[in-house]
Structures are given as C-alpha cells and as structure tokens.
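work-v8.txt (compact mmCIF, C-alpha atoms)
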```
# COMPACT_ATOMS: atom_id res chain seq x y z
CA MET A 1 182.44 140.80 44.41
CA SER A 2 181.11 143.87 46.19
CA TRP A 3 182.82 145.72 49.01
CA VAL A 4 181.63 147.75 51.95
CA ARG A 5 183.57 150.20 54.05
CA VAL A 6 182.79 149.99 57.75
CA ALA A 7 183.12 152.80 60.26
CA SER A 8 186.65 151.80 61.21
CA GLY A 9 187.81 152.29 57.62
CA ASN A 10 188.37 148.56 57.01
CA PHE A 11 187.01 146.79 53.95
CA LEU A 12 184.74 143.73 54.26
CA THR A 13 183.45 141.50 51.50
CA ARG A 14 179.70 141.09 51.60
CA ASP A 15 179.89 137.33 51.23
CA SER A 16 182.68 136.40 53.66
CA ARG A 17 182.99 139.52 55.86
CA THR A 18 186.73 138.83 56.08
CA ARG A 19 188.32 141.77 57.84
CA LEU A 20 191.11 143.36 55.89
CA PRO A 21 193.83 145.84 56.84
CA ARG A 22 192.98 149.54 56.51
CA VAL A 23 193.25 150.87 52.98
CA ARG A 24 193.31 154.66 52.49
CA LEU A 25 190.60 155.87 50.10
CA PRO A 26 191.27 158.71 47.65
CA PRO A 27 189.56 162.03 48.38
CA GLU A 28 186.02 162.61 47.20
CA GLY A 29 185.93 163.28 43.48
CA GLY A 30 189.04 161.19 42.84
CA SER A 31 189.51 159.66 39.42
CA SER A 32 188.00 156.29 38.54
CA GLN A 33 191.52 154.96 37.98
CA LYS A 34 192.42 155.71 41.59
CA LEU A 35 189.24 154.00 42.81
CA LEU A 36 190.01 150.98 40.64
CA HIS A 37 193.56 150.89 42.01
CA VAL A 38 192.25 150.89 45.60
CA ALA A 39 189.76 148.13 44.78
CA ASN A 40 192.52 146.00 43.26
CA MET A 41 194.70 146.54 46.33
CA ALA A 42 191.84 145.42 48.58
CA ALA A 43 191.20 142.36 46.43
CA ARG A 44 194.85 141.31 46.64
CA LEU A 45 194.84 141.78 50.42
CA HIS A 46 191.68 139.69 50.67
CA GLN A 47 193.30 136.88 48.70
CA LYS A 48 196.37 136.91 50.93
CA VAL A 49 194.29 136.80 54.14
CA ALA A 50 192.06 134.03 52.80
CA LYS A 51 195.05 131.97 51.67
CA LYS A 52 196.71 132.34 55.08
CA ASN A 53 193.68 131.36 57.17
CA ASN A 54 191.85 128.92 54.89
CA THR A 55 192.31 125.22 55.70
CA ASN A 56 189.07 124.05 54.09
CA HIS A 57 190.83 122.90 50.93
CA CYS A 58 193.45 120.74 52.67
CA LYS A 59 193.54 117.12 51.60
CA GLN A 60 193.05 115.40 54.93
CA VAL A 61 193.95 111.83 55.83
CA THR A 62 192.35 110.10 58.82
CA ALA A 63 193.88 107.33 60.89
CA ALA A 64 192.61 105.58 64.02
CA LEU A 65 194.25 104.34 67.21
CA GLN A 66 192.72 101.61 69.39
CA SER A 67 193.43 102.86 72.90
CA PRO A 68 192.34 102.10 76.48
CA ILE A 69 189.74 104.87 76.16
CA GLY A 70 188.32 103.68 72.86
CA THR A 71 189.03 104.53 69.26
CA ILE A 72 190.89 107.80 68.77
CA GLN A 73 190.56 109.27 65.29
CA VAL A 74 193.21 111.68 64.05
CA SER A 75 192.81 113.79 60.91
CA GLY A 76 195.49 115.86 59.28
CA CYS A 77 197.02 117.11 56.05
CA GLU A 78 200.57 117.58 54.82
CA GLU A 79 200.78 120.80 56.86
CA GLY A 80 199.75 119.31 60.21
CA ILE A 81 197.03 117.86 62.43
CA HIS A 82 193.48 119.23 62.19
CA PHE A 83 191.56 117.15 64.74
CA ILE A 84 191.88 114.49 67.40
CA GLN A 85 188.48 112.98 68.14
CA LEU A 86 187.76 110.79 71.16
CA GLN A 87 185.06 108.13 71.34
CA GLU A 88 182.65 109.80 73.75
CA SER A 89 180.38 106.77 74.14
CA PHE A 90 183.19 104.39 75.09
CA VAL A 91 183.31 103.33 78.75
CA PRO A 92 186.89 102.34 79.64
CA LYS A 93 187.78 99.78 82.26
CA ASP A 94 188.80 101.20 85.62
CA ARG A 95 192.38 102.40 85.60
CA THR A 96 194.38 100.33 88.10
CA ARG A 97 197.97 100.59 89.22
CA VAL A 98 198.98 97.24 87.75
CA ALA A 99 197.41 97.75 84.36
CA SER A 100 199.58 97.95 81.27
CA PHE A 101 198.44 99.06 77.84
CA THR A 102 199.22 98.55 74.23
CA CYS A 103 197.75 100.69 71.49
CA GLU A 104 197.24 99.52 67.94
CA VAL A 105 197.23 101.84 64.96
CA CYS A 106 194.52 100.93 62.48
CA GLU A 107 195.65 101.01 58.88
CA SER A 108 194.58 104.13 57.04
CA GLN A 109 193.11 103.91 53.55
CA GLU A 110 195.73 106.43 52.46
CA GLU A 111 199.36 106.76 53.40
CA MET A 112 199.75 108.67 56.64
CA THR A 113 201.43 112.06 56.53
CA ALA A 114 204.50 112.77 58.64
CA SER A 115 202.38 114.70 61.15
CA LEU A 116 199.95 111.79 61.47
CA LYS A 117 202.82 109.40 62.14
CA TYR A 118 204.28 111.72 64.80
CA CYS A 119 200.83 112.07 66.39
CA MET A 120 200.19 108.33 66.50
CA THR A 121 203.63 107.65 68.00
CA TRP A 122 203.04 110.33 70.64
CA LEU A 123 199.60 108.98 71.60
CA GLN A 124 200.89 105.42 71.84
CA ALA A 125 203.64 106.59 74.16
CA TYR A 126 201.19 108.57 76.31
CA PHE A 127 199.30 105.41 77.22
CA SER A 128 202.16 102.89 77.40
CA GLU A 129 205.40 104.82 78.06
CA PRO A 130 204.39 108.34 79.10
CA TRP A 131 207.83 109.35 80.34
CA THR A 132 209.03 109.30 76.74
CA THR A 133 206.54 111.87 75.42
CA GLU A 134 208.68 114.88 76.36
CA LYS A 135 211.46 113.55 74.15
CA LEU A 136 209.22 112.81 71.19
CA PRO A 137 208.63 115.37 68.43
CA LEU A 138 205.20 116.94 68.55
CA PRO A 139 203.19 117.00 65.34
CA ALA A 140 202.53 120.30 63.66
CA PHE A 141 198.98 121.66 63.99
CA HIS A 142 197.04 123.01 61.04
CA HIS A 143 193.67 123.77 62.59
CA PRO A 144 192.60 127.43 62.13
CA VAL A 145 192.64 128.02 65.90
CA PHE A 146 196.45 127.66 65.81
CA GLN A 147 196.85 129.90 62.77
CA GLN A 148 195.72 133.11 64.50
CA GLU A 149 197.22 135.20 67.28
CA THR A 150 194.27 134.99 69.68
CA PHE A 151 193.81 134.50 73.40
CA THR A 152 192.41 131.03 72.69
CA CYS A 153 195.57 130.03 70.85
CA ASN A 154 197.71 131.50 73.64
CA VAL A 155 195.79 129.54 76.29
CA LEU A 156 196.08 126.24 74.40
CA MET A 157 199.81 126.64 73.76
CA THR A 158 200.43 127.68 77.38
CA LEU A 159 198.56 124.61 78.59
CA MET A 160 200.51 122.28 76.29
CA ASN A 161 203.91 123.74 77.18
CA ASP A 162 203.58 124.48 80.89
CA VAL A 163 201.17 121.94 82.47
CA LYS A 164 203.02 118.65 82.55
CA PHE A 165 202.02 115.01 82.88
CA GLY A 166 200.39 114.36 86.27
CA GLU A 167 199.79 118.05 86.99
CA MET A 168 196.47 119.88 87.19
CA VAL A 169 195.59 123.55 86.95
CA SER A 170 192.40 125.50 87.58
CA TYR A 171 190.70 127.67 84.99
CA LYS A 172 191.68 130.72 87.04
CA GLU A 173 195.31 129.65 87.30
CA LEU A 174 195.53 128.95 83.58
CA ALA A 175 194.02 132.35 82.83
CA ALA A 176 196.78 133.98 84.90
CA MET A 177 199.44 131.85 83.18
CA ALA A 178 198.12 133.03 79.81
CA GLY A 179 198.34 136.67 80.89
CA ASN A 180 194.76 137.56 81.92
CA PRO A 181 193.80 136.41 85.45
CA LYS A 182 190.19 137.56 85.00
CA ALA A 183 189.56 135.55 81.84
CA MET A 184 188.32 132.31 83.44
CA ARG A 185 185.32 132.08 81.12
CA ALA A 186 187.50 132.66 78.10
CA VAL A 187 189.72 129.80 79.27
CA GLY A 188 186.63 127.59 79.46
CA GLY A 189 185.80 128.58 75.91
CA ALA A 190 189.34 127.75 74.83
CA MET A 191 189.00 124.27 76.35
CA ARG A 192 185.78 123.71 74.40
CA ALA A 193 187.51 124.90 71.22
CA ASN A 194 190.51 122.60 71.65
CA PRO A 195 190.74 120.49 68.47
CA VAL A 196 193.59 118.26 69.68
CA PRO A 197 192.77 116.84 73.15
CA ILE A 198 195.35 114.81 75.09
CA ILE A 199 198.27 116.47 73.24
CA VAL A 200 196.89 119.82 74.34
CA PRO A 201 195.81 118.41 77.73
CA CYS A 202 192.52 120.16 78.48
CA HIS A 203 191.71 117.20 80.78
CA ARG A 204 194.23 118.68 83.24
CA VAL A 205 192.16 121.84 83.69
CA ILE A 206 189.79 121.57 86.66
CA CYS A 207 187.55 123.80 88.78
CA SER A 208 188.96 125.84 91.66
CA ASN A 209 186.87 123.79 94.12
CA GLY A 210 188.60 120.58 93.07
CA GLN A 211 185.81 119.20 90.89
CA ILE A 212 187.06 117.93 87.56
CA GLY A 213 184.65 120.01 85.47
CA ASN A 214 183.24 119.10 82.08
CA TYR A 215 185.04 117.40 79.23
CA ILE A 216 183.85 117.38 75.62
CA GLY A 217 180.81 119.42 76.61
CA GLY A 218 180.06 117.12 79.57
CA ARG A 219 179.76 114.05 77.35
CA GLY A 220 183.28 112.82 78.11
CA ASN A 221 183.58 113.40 81.86
CA HIS A 222 184.22 109.67 82.39
CA LEU A 223 187.14 109.87 79.94
CA LYS A 224 188.54 112.90 81.75
CA GLN A 225 188.41 111.04 85.05
CA TRP A 226 190.21 108.07 83.49
CA LEU A 227 192.96 110.27 82.07
CA LEU A 228 193.49 112.06 85.38
CA THR A 229 193.62 108.74 87.26
CA HIS A 230 196.03 107.33 84.67
CA GLU A 231 198.43 110.21 85.23
CA LYS A 232 197.97 110.29 89.02
CA LEU A 233 198.79 106.60 89.44
CA LEU A 234 201.93 106.82 87.35
CA LYS A 235 203.08 109.95 89.17
CA GLU A 236 202.49 108.34 92.57
CA SER A 237 204.33 105.19 91.56
CA ARG A 238 207.41 107.28 90.90
CA LYS A 239 207.29 108.85 94.35
CA THR A 240 206.61 105.71 96.40
CA SER A 241 208.70 103.09 94.67
CA ARG A 242 211.97 102.22 96.38
CA GLU A 243 213.32 100.62 93.25
CA PRO A 244 213.58 102.46 89.94
CA CYS A 245 210.04 102.48 88.65
CA PRO A 246 209.54 100.50 85.43
CA ILE A 247 207.01 103.10 84.30
CA LEU A 248 208.50 106.39 85.42
CA PRO A 249 212.30 106.18 85.91
CA GLN A 250 213.93 108.02 88.78
CA SER A 251 215.45 111.33 87.83
```

Representation of the structure as structure tokens:
Amino acid sequence: MSWVRVASGNFLTRDSRTRLPRVRLPPEGGSSQKLLHVANMAARLHQKVAKKNNTNHCKQVTAALQSPIGTIQVSGCEEGIHFIQLQESFVPKDRTRVASFTCEVCESQEEMTASLKYCMTWLQAYFSEPWTTEKLPLPAFHHPVFQQETFTCNVLMTLMNDVKFGEMVSYKELAAMAGNPKAMRAVGGAMRANPVPIIVPCHRVICSNGQIGNYIGGRGNHLKQWLLTHEKLLKESRKTSREPCPILPQS
C-alpha cells in the first residue's frame, strides 16, 4: 500500500483516500528505521479508522412489514439497523378518521436480530397505537451516517428527538435547532441521506411556505402526505374528543 502526504500533513492511502490523524515526520535525512516506524504507525491508524467506520462486512438480515403504506423492508445486523426502505410505487388508501390498521410482520429467512425486532415493534405501534412509541425502546442504528460526528448526523438526531408525533418543522427551523440557522440546504441534504425514515421522521420537515416538499427524492410525496394526514387526524382527535380518546389518551 502506498501513502501520500497532503499539504495539511495528513496521510491518505492512494486506494481509499481515508483521512488519518496527523503523524509527525522525522526531519529530512532521518534514518530508514524512523521512516519505517512512522509508516507502521500510519498503517495502524488506518486500520483503526477503517474498522470504526466500515459497515460493509456486517452480516445483514432483512425483514418486511406489511403496512398501510405498502411493504416496509428493514435491514440490519447484530449492531443495529442499516436501512428502512419504503415502497415508493405503493398508493395507499386515503387516510380517514375512522380507519384502524394492523401491520403484519413477514417471516424473515433468517432469525431477526434484537434491533430488527425492536424496529418492527416500533413501526407496528406507529401505525396502530402511536401513543405507545415514546415508551418503546428505539433500535440501535448502524448505518455509517450515524457513526460520524457530522452536521447530517446532528440534524437527524435532533429531528428524531425533538420533533414529536403530529408536529411539523420547516427546513429553516430545523437548521436553527441543529445549531446553524443558515444551513437550510444542508438540512435538505440530510433528509435525502436519511437511511431510516419514519423513525427519523423526515416526513415532518416541510417548506417555510407550508408546502410539504419532496419525499424520497420526490418519488414518495404521496406517502409523505399520507403520513402527515395520519398524524394530524390522531392529534386532532385528542383535542376534540370529549371522552378519553381510544387512540390518543388524555394526558
């Protein structure tokens, strides 16, 4: 493996260009043993960084959930969830106030991991008993976007933790919540990079003018509208019902 030293002093491998921490080089004319020592240090650092960020070698298991918005596929490994994929082509029935839903978990060819089981339970509750989701354990995530301290990760975690069921937030507002009010475009990029929709509720992020904006690159706008209507109806039923609501209990 060959190495290059960039202007900043960091080492990069020619094949992966993985950025490594700064390693101090010996002065010009240093002994070959010192150079070899530095190269070995860089190689060990590279292995540690690659091991920390690499999820390509995870043994993933995929399970499916039959939901009101089509088949939801969930993939994950022993460490956590990698992806939640929605069925973009599915056209759900109109969401009405009186509708009730049941979700069926399709049997996986392999035994589901603990994270997959948590994820399936959470998604089932979201559609049928959404008031219980806040009390349910969230699955761990093992997608690379959650393994790095980036603005994208910060935006996604802020959205999941602070924008609750039935609430909506604009791209600008979410940017401010994540610590950079001017980063609206970066927030849009974070929504496109979201590997676990619904649990990280990017459908709740809308335009400042009130339009719902795109979902799954514009291919899932009809699913976004359904999800927003689903949450709106349940939230309204809690406010208007004189009796304790069978869907959202009175606090």

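For the pair atom CA of Glu110 of chain A and atom CA of His82 of chain A, the separation is 16.2 Å.
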
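The coordinates place atom CA of Arg192 of chain A at 14.4 Å from atom CA of Leu174 of chain A.
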
Separation of atom CA of Pro139 of chain A from atom CA of Cys119 of chain A, in Å and rounded to one decimal: 5.6 Å

One residue among A:Thr150, A:Ser128, A:Gln85, A:Thr96 is nearest to Thr229 of chain A when using all atoms listed in the file, and that residue is A:Thr96

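When only C-alpha atoms are used to measure the gap to Leu86 of chain A, the shortest distance among A:Phe165, A:Tyr215, A:Trp122, A:Phe101 belongs to A:Tyr215.
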